[in-house]
Each structure stands twice: as structure tokens, then as C-alpha cells.
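Raw contents of run-v2.txt, compact mmCIF, C-alpha atoms:
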```
# COMPACT_ATOMS: atom_id res chain seq x y z
CA MET A 21 0.00 0.00 0.00
CA GLN A 22 1.26 3.46 -0.88
CA LYS A 23 2.20 5.73 2.05
CA THR A 24 2.20 9.51 2.19
CA THR A 25 4.84 11.27 4.28
CA PHE A 26 3.93 14.67 5.62
CA THR A 27 6.30 17.56 6.38
CA ASP A 28 6.07 16.88 10.11
CA GLY A 29 7.38 13.36 9.48
CA SER A 30 4.09 11.57 10.22
CA GLU A 31 2.90 8.86 7.88
CA GLU A 32 -0.61 8.15 6.77
CA ARG A 33 -1.80 5.17 4.80
CA PHE A 34 -3.14 6.16 1.40
CA SER A 35 -6.78 5.36 0.79
CA PRO A 36 -8.18 6.07 -2.68
CA VAL A 37 -11.79 6.00 -1.47
CA LYS A 38 -11.46 8.58 1.28
CA THR A 39 -13.55 11.67 0.72
CA ASN A 40 -14.10 14.71 2.83
CA GLY A 41 -17.49 15.60 1.35
CA SER A 42 -19.35 18.67 2.33
CA PRO A 43 -18.47 20.10 5.75
CA VAL A 44 -22.18 20.39 6.40
CA SER A 45 -22.60 16.63 6.15
CA PHE A 46 -20.55 16.20 9.31
CA GLN A 47 -22.60 18.65 11.35
CA ARG A 48 -24.61 17.08 14.12
CA THR A 49 -28.37 17.17 13.65
CA SER A 50 -28.95 19.25 16.77
CA SER A 51 -26.68 22.01 15.56
CA LEU A 52 -28.34 22.43 12.16
CA THR A 53 -29.80 25.86 11.49
CA GLY A 54 -31.25 27.87 8.64
CA SER A 55 -31.77 26.24 5.26
CA HIS A 56 -30.25 22.93 6.34
CA ARG A 57 -32.59 22.62 9.30
CA LYS A 58 -35.59 23.55 7.15
CA VAL A 59 -34.73 21.15 4.35
CA LYS A 60 -33.98 18.25 6.70
CA ASP A 61 -37.23 18.74 8.65
CA THR A 62 -39.28 19.08 5.48
CA ALA A 63 -37.79 15.85 4.09
CA ALA A 64 -38.81 14.07 7.30
CA ASP A 65 -42.33 15.56 7.05
CA LEU A 66 -42.56 14.42 3.45
CA HIS A 67 -41.66 10.89 4.50
CA ASN A 68 -44.32 10.97 7.22
CA LEU A 69 -46.89 12.13 4.67
CA CYS A 70 -46.01 9.25 2.36
CA GLN A 71 -46.38 6.80 5.25
CA LYS A 72 -49.81 8.21 6.08
CA TRP A 73 -50.75 7.98 2.41
CA LEU A 74 -49.84 4.29 2.44
CA LYS A 75 -51.92 3.74 5.57
CA PHE A 76 -54.95 5.42 4.00
CA ASN A 77 -54.45 3.44 0.81
CA THR A 78 -54.52 0.19 2.79
CA GLU A 79 -57.67 1.28 4.63
CA GLY A 80 -59.24 2.26 1.31
CA THR A 81 -58.30 -1.09 -0.25
CA ALA A 82 -60.32 -2.91 2.41
CA SER A 83 -63.39 -0.75 1.71
CA ILE A 84 -62.94 -0.99 -2.07
CA ASN A 85 -62.78 -4.78 -1.78
CA GLU A 86 -65.99 -4.76 0.27
CA ILE A 87 -67.69 -2.62 -2.38
CA ALA A 88 -66.43 -4.94 -5.11
CA ASN A 89 -67.83 -7.99 -3.31
CA VAL A 90 -71.21 -6.36 -2.74
CA LYS A 91 -71.36 -5.13 -6.33
CA LEU A 92 -70.33 -8.47 -7.81
CA GLN A 93 -73.05 -10.21 -5.83
CA ALA A 94 -75.53 -7.60 -7.06
CA ILE A 95 -74.36 -8.04 -10.67
CA PHE A 96 -74.77 -11.79 -10.27
CA LYS A 97 -78.28 -11.34 -8.83
CA GLU A 98 -79.19 -8.96 -11.63
CA GLU A 99 -78.16 -11.51 -14.23
CA GLU A 100 -80.20 -14.10 -12.38
CA SER A 101 -83.27 -11.84 -12.25
CA GLN A 102 -82.97 -11.18 -15.97
CA ARG A 103 -82.96 -14.91 -16.54
CA SER A 104 -85.99 -15.32 -14.22
CA GLU A 105 -87.87 -12.56 -16.04
CA GLU A 106 -87.34 -14.45 -19.25
CA GLU A 107 -88.70 -17.53 -17.54
CA GLY A 108 -91.72 -15.63 -16.19
CA THR A 109 -90.84 -15.23 -12.49
CA LEU A 110 -89.70 -11.90 -11.02
CA ILE A 111 -86.83 -11.44 -8.57
CA LYS A 112 -86.03 -7.83 -7.81
CA ALA A 113 -82.31 -7.01 -7.68
CA GLU A 114 -81.56 -4.26 -5.19
CA MET A 115 -78.35 -2.65 -4.03
CA PRO A 116 -77.72 -3.41 -0.35
CA GLU A 117 -77.64 -0.46 2.05
CA VAL A 118 -74.22 -1.44 3.28
CA LEU A 119 -72.84 -0.26 -0.07
CA GLU A 120 -73.54 3.34 0.86
CA ASP A 121 -71.60 3.00 4.12
CA HIS A 122 -68.59 1.63 2.30
CA CYS A 123 -68.80 4.35 -0.33
CA ASN A 124 -68.91 7.04 2.34
CA LYS A 125 -65.90 5.45 3.99
CA VAL A 126 -63.95 5.52 0.72
CA LEU A 127 -64.97 9.14 0.04
CA HIS A 128 -63.82 10.07 3.53
CA ILE A 129 -60.46 8.36 2.96
CA VAL A 130 -60.01 10.10 -0.38
CA ASP A 131 -60.75 13.39 1.38
CA LYS A 132 -57.96 12.71 3.86
CA MET A 133 -55.62 11.76 1.02
CA ARG A 134 -56.46 15.01 -0.78
CA LYS A 135 -55.42 16.89 2.36
CA LEU A 136 -52.11 15.05 2.33
CA VAL A 137 -51.49 16.16 -1.26
CA ASP A 138 -52.30 19.75 -0.23
CA LYS A 139 -49.72 19.46 2.55
CA MET A 140 -47.24 18.06 0.06
CA GLU A 141 -47.81 21.13 -2.10
CA ALA A 142 -47.00 23.29 0.91
CA MET A 143 -43.76 21.34 1.33
CA ALA A 144 -42.83 21.90 -2.30
CA GLU A 145 -43.42 25.60 -1.62
CA ILE A 146 -41.04 25.40 1.34
CA PHE A 147 -38.29 23.91 -0.85
CA ARG A 148 -38.98 26.55 -3.49
CA GLY A 149 -38.76 29.25 -0.81
CA VAL A 150 -35.43 27.93 0.49
CA ALA A 151 -34.09 27.76 -3.07
CA ASP A 152 -35.20 31.37 -3.71
CA LEU A 153 -33.62 32.49 -0.46
CA VAL A 154 -30.31 30.84 -1.35
CA ARG A 155 -30.39 32.48 -4.78
CA HIS A 156 -31.20 35.84 -3.22
CA LYS A 157 -28.34 35.51 -0.73
CA ALA A 158 -26.00 34.59 -3.56
CA GLN A 159 -26.96 37.74 -5.48
CA CYS A 160 -26.36 39.92 -2.41
CA SER A 161 -23.09 38.42 -1.26
CA SER A 162 -21.76 37.02 -4.56
CA THR A 163 -21.44 33.52 -3.02
CA ASP A 164 -22.22 30.19 -4.72
CA CYS A 165 -25.79 30.51 -5.96
CA ASN A 166 -26.46 26.78 -5.70
CA PRO A 167 -24.40 25.26 -2.86
CA ILE A 168 -24.47 21.60 -1.85
CA LEU A 169 -26.55 21.37 1.30
CA PHE A 170 -25.67 17.99 2.76
CA GLN A 171 -23.70 15.50 0.71
CA THR A 172 -24.36 15.76 -3.02
CA TRP A 173 -27.72 17.48 -3.55
CA LYS A 174 -28.27 21.18 -4.08
CA VAL A 175 -31.42 22.98 -2.89
CA LYS A 176 -32.66 22.92 -6.46
CA ASP A 177 -32.46 19.10 -6.47
CA PHE A 178 -34.70 18.93 -3.40
CA GLU A 179 -37.15 21.29 -5.06
CA GLU A 180 -37.20 19.29 -8.32
CA ALA A 181 -37.55 15.95 -6.54
CA THR A 182 -40.49 17.20 -4.48
CA LEU A 183 -42.19 18.67 -7.54
CA GLU A 184 -41.80 15.38 -9.39
CA MET A 185 -43.26 13.47 -6.46
CA LEU A 186 -46.04 16.01 -6.09
CA GLU A 187 -47.01 15.61 -9.74
CA SER A 188 -47.32 11.84 -9.28
CA TYR A 189 -49.41 12.21 -6.14
CA ARG A 190 -51.63 14.84 -7.79
CA ARG A 191 -52.45 12.44 -10.60
CA GLU A 192 -52.94 9.59 -8.18
CA ILE A 193 -55.39 11.57 -6.04
CA LYS A 194 -57.25 12.53 -9.22
CA LEU A 195 -57.50 8.83 -10.07
CA LYS A 196 -58.66 7.95 -6.56
CA GLU A 197 -61.34 10.64 -6.68
CA LEU A 198 -62.61 9.28 -9.99
CA LEU A 199 -62.53 5.71 -8.68
CA SER A 200 -64.42 6.57 -5.52
CA LYS A 201 -67.09 8.46 -7.45
CA ASN A 202 -67.64 5.83 -10.11
CA ILE A 203 -67.06 2.48 -8.43
CA CYS A 204 -70.73 2.10 -7.49
CA HIS A 205 -71.82 2.50 -11.10
CA VAL A 206 -69.65 -0.29 -12.46
CA LYS A 207 -71.67 -2.88 -14.31
CA ASP A 208 -69.33 -5.77 -15.08
CA ARG A 209 -66.73 -7.93 -13.39
CA ASP A 210 -63.70 -6.92 -15.49
CA CYS A 211 -64.37 -3.24 -14.88
CA MET A 212 -64.70 -3.89 -11.17
CA MET A 213 -61.40 -5.75 -11.21
CA PHE A 214 -59.81 -2.78 -12.99
CA TYR A 215 -61.13 -0.40 -10.32
CA THR A 216 -59.85 -2.48 -7.41
CA ALA A 217 -56.47 -3.06 -9.09
CA ALA A 218 -56.13 0.65 -9.90
CA TRP A 219 -56.77 1.53 -6.26
CA LEU A 220 -54.46 -1.11 -4.86
CA HIS A 221 -51.48 -0.73 -7.20
CA GLN A 222 -51.49 3.08 -7.44
CA PRO A 223 -50.37 3.28 -11.09
CA TYR A 224 -49.14 6.86 -10.92
CA ILE A 225 -46.88 6.29 -7.92
CA ASP A 226 -44.07 4.40 -9.55
CA SER A 227 -40.70 3.20 -8.32
CA SER A 228 -39.03 6.52 -9.21
CA CYS A 229 -41.23 8.22 -6.61
CA ILE A 230 -40.04 5.86 -3.89
CA LEU A 231 -36.47 6.24 -5.10
CA LEU A 232 -36.69 10.05 -4.91
CA LEU A 233 -38.01 9.94 -1.36
CA GLU A 234 -35.39 7.42 -0.24
CA SER A 235 -32.64 9.49 -1.90
CA MET A 236 -33.89 12.57 -0.09
CA LEU A 237 -33.84 10.76 3.25
CA THR A 238 -30.35 9.38 2.61
CA GLU A 239 -29.12 12.78 1.50
CA THR A 240 -30.41 14.52 4.61
CA GLY A 241 -29.00 11.81 6.89
CA HIS A 242 -32.32 10.32 8.00
CA ARG A 243 -31.33 6.93 6.56
CA MET B 5 -22.62 -66.57 10.22
CA SER B 6 -23.83 -63.03 11.01
CA SER B 7 -25.10 -60.73 8.28
CA ARG B 8 -22.08 -58.46 8.88
CA GLN B 9 -19.66 -61.36 8.34
CA SER B 10 -21.50 -62.50 5.26
CA LEU B 11 -21.35 -58.97 3.89
CA GLN B 12 -17.63 -58.77 4.55
CA LEU B 13 -17.22 -62.03 2.66
CA ALA B 14 -19.26 -60.51 -0.08
CA ASN B 15 -16.82 -57.60 -0.27
CA ASP B 16 -14.90 -59.30 -3.01
CA ASN B 17 -17.84 -59.30 -5.39
CA GLY B 18 -18.77 -55.63 -4.67
CA GLU B 19 -22.08 -56.33 -2.93
CA HIS B 20 -21.00 -54.59 0.26
CA LYS B 21 -19.92 -51.48 -1.59
CA LEU B 22 -23.13 -51.43 -3.56
CA LEU B 23 -25.27 -51.78 -0.43
CA LEU B 24 -23.33 -48.99 1.24
CA GLN B 25 -23.89 -46.78 -1.78
CA LEU B 26 -27.60 -47.62 -1.91
CA GLN B 27 -27.96 -46.84 1.78
CA LYS B 28 -26.24 -43.48 1.28
CA SER B 29 -28.34 -42.73 -1.82
CA PHE B 30 -31.66 -43.42 -0.10
CA LYS B 31 -30.67 -41.26 2.87
CA ILE B 32 -29.84 -38.36 0.53
CA VAL B 33 -33.02 -38.88 -1.52
CA GLN B 34 -35.02 -38.88 1.72
CA GLN B 35 -33.60 -35.46 2.59
CA CYS B 36 -34.26 -34.22 -0.96
CA VAL B 37 -37.91 -35.28 -0.83
CA THR B 38 -38.42 -33.34 2.41
CA VAL B 39 -36.73 -30.21 0.99
CA TRP B 40 -38.73 -30.59 -2.25
CA CYS B 41 -42.03 -30.42 -0.38
CA VAL B 42 -40.83 -27.48 1.73
CA VAL B 43 -39.84 -25.55 -1.42
CA LEU B 44 -43.25 -26.19 -2.97
CA THR B 45 -45.02 -25.07 0.21
CA GLU B 46 -42.92 -21.90 0.25
CA SER B 47 -43.71 -21.15 -3.38
CA ARG B 48 -47.48 -21.49 -2.83
CA PRO B 49 -48.13 -17.91 -1.57
CA HIS B 50 -46.04 -16.53 -4.45
CA LEU B 51 -48.07 -18.61 -6.86
CA VAL B 52 -51.31 -17.26 -5.39
CA THR B 53 -50.04 -13.67 -5.75
CA LEU B 54 -48.90 -14.38 -9.31
CA ASN B 55 -52.34 -15.77 -10.16
CA ASN B 56 -54.04 -12.72 -8.64
CA LEU B 57 -51.80 -10.36 -10.60
CA THR B 58 -52.35 -12.21 -13.87
CA GLU B 59 -56.10 -12.19 -13.28
CA GLN B 60 -56.01 -8.44 -12.64
CA PHE B 61 -53.90 -7.93 -15.77
CA THR B 62 -56.30 -9.98 -17.87
CA SER B 63 -59.27 -7.96 -16.63
CA CYS B 64 -57.40 -4.72 -17.25
CA TYR B 65 -56.34 -5.92 -20.71
CA SER B 66 -59.83 -6.96 -21.74
CA THR B 67 -61.54 -3.80 -20.51
CA SER B 68 -62.09 -1.26 -23.26
CA ASN B 69 -61.58 2.48 -22.91
CA ILE B 70 -65.32 2.94 -23.51
CA GLN B 71 -66.12 0.88 -20.43
CA LEU B 72 -63.69 3.00 -18.45
CA ALA B 73 -64.76 6.29 -20.04
CA ALA B 74 -65.47 7.89 -16.65
CA ILE B 75 -61.79 7.56 -15.78
CA THR B 76 -59.94 7.54 -19.10
CA SER B 77 -61.62 10.78 -20.22
CA GLN B 78 -59.60 12.59 -17.56
CA LEU B 79 -56.64 10.24 -17.19
CA PRO B 80 -56.07 8.71 -20.64
CA ASP B 81 -52.86 6.89 -19.68
CA VAL B 82 -54.26 5.15 -16.59
CA LYS B 83 -54.73 1.79 -18.30
CA ASP B 84 -51.17 1.70 -19.64
CA LYS B 85 -49.77 2.77 -16.30
CA LEU B 86 -51.71 0.10 -14.43
CA GLN B 87 -50.71 -2.58 -16.94
CA GLN B 88 -47.09 -1.56 -16.54
CA LYS B 89 -47.33 -1.80 -12.75
CA LEU B 90 -49.01 -5.17 -12.92
CA GLN B 91 -46.37 -6.37 -15.39
CA GLU B 92 -43.63 -5.30 -12.95
CA GLY B 93 -45.37 -7.20 -10.16
CA VAL B 94 -45.73 -10.30 -12.32
CA ASP B 95 -42.06 -10.13 -13.38
CA ALA B 96 -40.97 -9.93 -9.75
CA LYS B 97 -43.06 -12.97 -8.86
CA LEU B 98 -41.81 -14.91 -11.91
CA ASP B 99 -38.27 -14.25 -10.70
CA VAL B 100 -39.17 -15.75 -7.33
CA MET B 101 -40.70 -18.78 -9.05
CA GLN B 102 -37.54 -19.20 -11.14
CA GLU B 103 -35.48 -19.13 -7.96
CA LYS B 104 -37.68 -21.84 -6.47
CA LEU B 105 -37.33 -23.85 -9.67
CA SER B 106 -33.56 -23.61 -9.50
CA VAL B 107 -33.69 -25.07 -5.96
CA LEU B 108 -35.84 -27.92 -7.31
CA HIS B 109 -33.31 -28.37 -10.11
CA GLY B 110 -30.52 -28.65 -7.54
CA LEU B 111 -32.48 -31.37 -5.73
CA CYS B 112 -33.09 -33.24 -9.00
CA GLU B 113 -29.38 -33.12 -9.74
CA LYS B 114 -28.60 -34.49 -6.28
CA ILE B 115 -31.02 -37.39 -6.77
CA SER B 116 -29.72 -38.07 -10.30
CA LYS B 117 -26.15 -38.08 -9.04
CA GLN B 118 -26.97 -40.65 -6.36
CA CYS B 119 -28.88 -42.73 -8.87
CA LYS B 120 -25.92 -42.60 -11.25
CA TYR B 121 -23.40 -43.56 -8.55
CA SER B 122 -25.47 -46.59 -7.55
CA THR B 123 -26.12 -47.69 -11.12
CA ASP B 124 -22.48 -47.19 -12.11
CA LEU B 125 -21.33 -49.27 -9.16
CA TYR B 126 -23.76 -52.01 -10.08
CA THR B 127 -22.63 -51.91 -13.75
CA LYS B 128 -19.01 -52.07 -12.65
CA ASN B 129 -19.63 -55.14 -10.49
CA HIS B 130 -22.47 -56.84 -12.33
CA VAL B 131 -20.23 -59.64 -13.62
CA LYS B 132 -19.16 -60.57 -10.09
CA LEU B 133 -22.68 -60.27 -8.64
CA ASN B 134 -24.81 -63.31 -9.35
CA LEU B 135 -28.50 -63.10 -10.18
CA VAL B 136 -29.69 -64.66 -6.92
CA MET B 137 -27.67 -62.19 -4.87
CA VAL B 138 -29.15 -59.24 -6.75
CA THR B 139 -32.74 -60.37 -6.80
CA THR B 140 -33.12 -61.89 -3.35
CA ALA B 141 -34.55 -59.82 -0.52
CA THR B 142 -33.51 -60.51 3.07
CA ALA B 143 -35.42 -60.09 6.32
CA THR B 144 -33.95 -56.61 6.78
CA ARG B 145 -33.81 -55.23 3.25
CA PRO B 146 -35.40 -55.47 -0.19
CA SER B 147 -33.37 -56.91 -3.06
CA ILE B 148 -30.66 -54.83 -4.73
CA ALA B 149 -32.59 -54.93 -7.99
CA ASP B 150 -35.68 -53.52 -6.28
CA MET B 151 -33.72 -50.76 -4.61
CA LEU B 152 -32.02 -49.76 -7.85
CA GLU B 153 -35.38 -49.72 -9.58
CA TRP B 154 -36.95 -47.57 -6.84
CA LEU B 155 -34.06 -45.17 -7.04
CA GLN B 156 -34.44 -44.80 -10.79
CA ASP B 157 -38.23 -44.46 -10.53
CA THR B 158 -37.83 -41.71 -7.94
CA GLU B 159 -35.31 -39.90 -10.13
CA GLN B 160 -37.62 -40.08 -13.14
CA LEU B 161 -40.60 -38.86 -11.15
CA PHE B 162 -38.76 -35.84 -9.80
CA LEU B 163 -37.22 -34.95 -13.15
CA GLN B 164 -40.63 -35.27 -14.80
CA ARG B 165 -42.23 -32.87 -12.31
CA TYR B 166 -39.32 -30.44 -12.52
CA TRP B 167 -39.29 -30.30 -16.33
CA ALA B 168 -43.07 -30.02 -16.51
CA ARG B 169 -42.99 -27.00 -14.16
CA THR B 170 -40.08 -25.45 -16.05
CA TYR B 171 -41.82 -25.87 -19.40
CA ILE B 172 -45.05 -24.36 -18.13
CA LEU B 173 -43.25 -21.40 -16.58
CA ASP B 174 -41.29 -20.84 -19.80
CA GLN B 175 -44.53 -20.84 -21.78
CA PHE B 176 -46.07 -18.19 -19.51
CA ARG B 177 -47.25 -15.15 -21.45
CA LEU B 178 -49.20 -12.45 -19.65
CA GLU B 179 -51.39 -11.66 -22.65
CA ASP B 180 -52.24 -15.31 -23.31
CA LYS B 181 -54.72 -16.59 -20.75
CA SER B 182 -54.19 -20.23 -21.72
CA THR B 183 -50.58 -20.08 -20.47
CA HIS B 184 -51.47 -18.74 -17.03
CA LEU B 185 -50.55 -20.87 -14.05
CA SER B 186 -53.95 -20.59 -12.37
CA ASP B 187 -55.42 -23.01 -14.91
CA ASN B 188 -52.50 -25.34 -14.62
CA ALA B 189 -52.70 -28.60 -12.72
CA ILE B 190 -48.94 -29.25 -12.49
CA TRP B 191 -48.26 -26.00 -10.66
CA SER B 192 -51.26 -26.56 -8.40
CA TYR B 193 -49.84 -29.91 -7.22
CA ASP B 194 -48.04 -29.86 -3.94
CA ASP B 195 -46.37 -33.20 -4.84
CA LYS B 196 -47.64 -34.88 -1.68
CA ASP B 197 -48.20 -37.93 -3.89
CA ILE B 198 -44.46 -38.19 -4.54
CA GLN B 199 -43.79 -37.92 -0.84
CA LYS B 200 -46.40 -40.57 -0.12
CA GLN B 201 -44.98 -42.94 -2.72
CA PHE B 202 -41.51 -42.50 -1.34
CA GLN B 203 -42.70 -42.98 2.25
CA GLU B 204 -44.27 -46.28 1.22
CA LYS B 205 -40.92 -47.41 -0.16
CA LEU B 206 -39.15 -46.13 2.92
CA SER B 207 -41.23 -48.41 5.13
CA TYR B 208 -39.52 -51.37 3.41
CA LEU B 209 -36.16 -49.67 3.79
CA SER B 210 -36.32 -48.60 7.44
CA PHE B 211 -34.14 -51.49 8.77
CA PHE B 212 -31.74 -51.20 5.87
CA LEU B 213 -31.21 -47.46 6.40
CA GLU B 214 -30.49 -47.95 10.11
CA GLU B 215 -28.27 -50.97 9.59
CA LYS B 216 -24.50 -50.55 10.17
CA LEU B 217 -22.98 -52.07 7.06
```
If you convert what's in this file into C-alpha cells, what do you get?
Amino acid sequence: MQKTTFTDGSEERFSPVKTNGSPVSFQRTSSLTGSHRKVKDTAADLHNLCQKWLKFNTEGTASINEIANVKLQAIFKEEESQRSEEEGTLIKAEMPEVLEDHCNKVLHIVDKMRKLVDKMEAMAEIFRGVADLVRHKAQCSSTDCNPILFQTWKVKDFEEATLEMLESYRREIKLKELLSKNICHVKDRDCMMFYTAAWLHQPYIDSSCILLLESMLTETGHR
Amino acid sequence: MSSRQSLQLANDNGEHKLLLQLQKSFKIVQQCVTVWCVVLTESRPHLVTLNNLTEQFTSCYSTSNIQLAAITSQLPDVKDKLQQKLQEGVDAKLDVMQEKLSVLHGLCEKISKQCKYSTDLYTKNHVKLNLVMVTTATATRPSIADMLEWLQDTEQLFLQRYWARTYILDQFRLEDKSTHLSDNAIWSYDDKDIQKQFQEKLSYLSFFLEEKL
């Protein structure tokens, strides 16, 4: 292994992977102030929001499944009554009252999810505000207009990541609103399966969204 | 003359070696059968998830945009996005199934190897071994011929099940409902029948497997 000899005579083993990184990355959490504090706290809040979103999605899945079961039974009964009508007997197919309860539950969950997206928008605003502040400070004191905050990311990266996540969640909440409003009017099994799958798998929240959040947490030292 | 002494005398004609090998082979096969059933039990929940995902994909695939007009009018790409997500889920599960299959393949190889060792040893010594010696069962063990046959039957059975599963998994196409595993009997088997068959043979072999040769 190669050794480096310093002027004071001391020797240090050479390590090609050693990196000093940003001085800020070595600061203890308790001593963080200003933009760093704000960004780190907002990243943690964003993570908490995503966790809550997952919880609501799971709760919603249970209700959606209940609705699907009730509806499928109703569809089956309807088909049976049509057959009976043809045969001359009359069986009246009615929607059970429990369906309304489940629908209200889903609407309530979607409402809570909408609030989470609103909060996420506020967080994106916070990142935008910090980025603007850093730019403003740079103009006034001719310092680096886009400094690295923690390890590799600049404020702008946090802002862009949050906006990208926000866009996904906006589209997802739009989908959930449409699903919750229309699920009771579905008339066939395949459509019902599509609705339940769309709720469960959250098509607009893809792996890049999770990656962005995890990167943000790693960057800020939460992971 | 004790059975041990008679076996030592039989050393010259290779019978002792062959019996030792058969004993070892059956012990290894016994372990393989247990692991085989464990692997299949472990793969069951993954198979159920895979079947659910394929069913969801099929429904999504067969639903037209007109049926979903309430949603697609505002989110036109929702169907593609959902299909992509389901495809990712299916791919992940297929990877798990492939991993399970590779474990089964390892077990098949182990059984085949033992079968080959025993058969090779018999082939090497078949001139020295007389017909009566090979075909006669004793109070403690079945005949050598029977044991060799059982070993080969077991090997064939396991290979057959392994290749059938591999073929069916290779044929799997998400868009083609006929290739889905939910409609497939081979993947629905838990191979308890193999275990049962082997256990039946083991009941004849219990003294032989415990015997100190």
C-alpha cells in the first residue's frame, strides 16, 4: 500500500476512497440551522406524509374490496333476475344499504388523502422558498448561488424531486377521486377488477417516486 | 454366520460397496424429498399472488376504454400505467418462481447423481454379482434390484415434475390466458403424492437405512 509522508514526518496510509465531502454533512443534527434545518425537517415531514398515504391506501383497499364484493353479488343477482324474467318469475335485484356506508368510507379516505397532497404542495413551496432564499443571498453576497446542502444534492435538487413526487401524487389523487365516485356504477366484473387493481397498485406512484423519497432521506442523513 | 460377516465375505464381489452406496443414496433422496415439499409449500403464496396479478392484468387488458370512459376521459394513460405496474409485479413474482425452480433443479441433480453412482457401481460389479444375490430380498432389506429400480423411478418422477414445471413457466405469457398458471394442474400440485410414494418405499427400507454395514 502506498504511504504519504507529511512535512512533520508523520505517515498516513493512502486510501483512494477517502472523501471529505461537504463540511455540512458532518454537522450534528442538533446544531443544524437555517436552510439545512428547514430542508432536513421538510424531508422528514414528506416521509411521514407518504407513510400516512400508504396507511390510507390500505384502509381504502379494504373498503374498495368490500364494495367490489357487494357489487359483484348484485351483478350476479341482476343476471339471475334477468334470466328469471325471461322464464316468467320476477326477482327484484336491489343494491344493499351497506354499499352506501362503504362508499362514504372511501370518500372520507379520499378526502384525507387530498389533504395530504395539499400538505405536500406546501412542502414543495417550502423547498422553493429555500431555493429562492439561497439564490437571493447569492446575489447579495456574490457567493455560490447553488451550494451543496448535505452530501451531493443542491437545494434545487430537493425542489425538483419534491415537484416530481407532487405531480405523481396529484395524478394519483385525481384517479382515486374518480374511482371513488364511479365504483358504485360499475356494471361488469372486469371493470370492477380494474377499479380495485387501480386503487391497490397506485399506477401513478411508480418506483421513481419511492427512489426520490429514499434518496432525499439518505441525503439529509435520516437513513 | 452373522449378516455383517456374510457382507464382509461378499466384499470381493462388490455387494457390500453397492449396499453402502444404496444406503447413502436413499438417505440423501429422503432429505431431498423433504426439501422438495418445503420448497413447494414456500412457493405457494407466491403462486397465489402471481395468479391474482395475472387475473387483474387480464381484466385490465380486456376492458375497453369505452367501459372506463369515466376515468380515461380525464386520465387517458391510466390503463397503460396500471398494466405496466401489474407487469412489474408479475415479473418480480416470476423471478421468485424461477429461484424456487432452480432449488428444485438442484435437488433433482442431487437425486440423479446418487442414482448414477449406484447404477455405475452395479454396472461395474455386475459380472461378479450373481443373479440370486441381486434379486433376493432378506429379512432386513429389499433386493438390490428392487432398490435400484426404486431409485431410478424416484429420479424419473422428480425430473418429470421439474421439467413439466419449467416448461409451463417458460410458456407463460401475460397476454395469453391459456398459459397462465392458475389453470395449470402441475403447478397446483403440492407433490404430496411423490412424498407418499416414497414414504411407502421407505417403510420397506427402514431397517436397511439404520443398519450398520
inquiry  = Counting all atoms listed in the file, which residues have an atom no more than 8 Å from (-52.7, -9.0, -16.6) in the file's coordinates? Please list them as a list in words.
reply    =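 Here is the list of nearby residues: Leu57, Thr58, Glu59, Gln60, Phe61, Thr62, Ser63, Cys64, Tyr65, Gln87, Leu90, Gln91, Leu178 and Glu179 of chain B.
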remark   = In Å and to one decimal, atom CA of Glu204 of chain B is distant from atom CA of Ala143 of chain B by 17.2 Å
query = What is the atom CA of Leu199 of chain A-atom CA of Glu86 of chain A distance in Å, reported with one decimal?
reply =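 Atom CA of Glu86 of chain A lies at a distance of 14.2 Å from atom CA of Leu199 of chain A.
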message = At a cut-off of 8 Å, which residues of chain A touch chain B? Count all atoms listed in the file and give the answer as a ChimeraX atom specification.
response = /A:195,198-199,202,210-211,213-214,217-218,221-224,226
Shell of 10 Å around Asp177 of chain A, only C-alpha atoms, local chain residues under 3 positions omitted, as a PDB file with C-alpha atoms, in the frame of the given file:
```
ATOM      1  CA  PHE A 147     -38.290  23.910  -0.850  1.00  0.00           C
ATOM      2  CA  ALA A 151     -34.090  27.760  -3.070  1.00  0.00           C
ATOM      3  CA  ASN A 166     -26.460  26.780  -5.700  1.00  0.00           C
ATOM      4  CA  ILE A 168     -24.470  21.600  -1.850  1.00  0.00           C
ATOM      5  CA  THR A 172     -24.360  15.760  -3.020  1.00  0.00           C
ATOM      6  CA  TRP A 173     -27.720  17.480  -3.550  1.00  0.00           C
ATOM      7  CA  LYS A 174     -28.270  21.180  -4.080  1.00  0.00           C
ATOM      8  CA  GLU A 180     -37.200  19.290  -8.320  1.00  0.00           C
ATOM      9  CA  ALA A 181     -37.550  15.950  -6.540  1.00  0.00           C
ATOM     10  CA  THR A 182     -40.490  17.200  -4.480  1.00  0.00           C
ATOM     11  CA  LEU A 183     -42.190  18.670  -7.540  1.00  0.00           C
ATOM     12  CA  MET A 236     -33.890  12.570  -0.090  1.00  0.00           C
TER      13      MET A 236
END
```
inquiry  = List as a count of residues only the residues having at least one atom at most 12 Å from position (-33.2, 32.3, -6.7) as given in the file, counting all atoms listed in the file.
reply    = 21
request  = Mind checking which residues fall within 12 Å of Asp65 of chain A, counting all atoms listed in the file, ignoring those fewer than 2 positions away in the same chain, and posting them as a ChimeraX atom specification?
outcome  = /A:58-63,67-72,136,139-140,142-144,146,182,233,236-237,242
inquiry  = Counting all atoms listed in the file, which residue out of A:Leu169, A:Leu66, A:Val118, A:Val90 sits closest to Leu186 of chain A?
reply    =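 Residue with the minimum atom-to-atom distance to Leu186 of chain A: A:Leu66.
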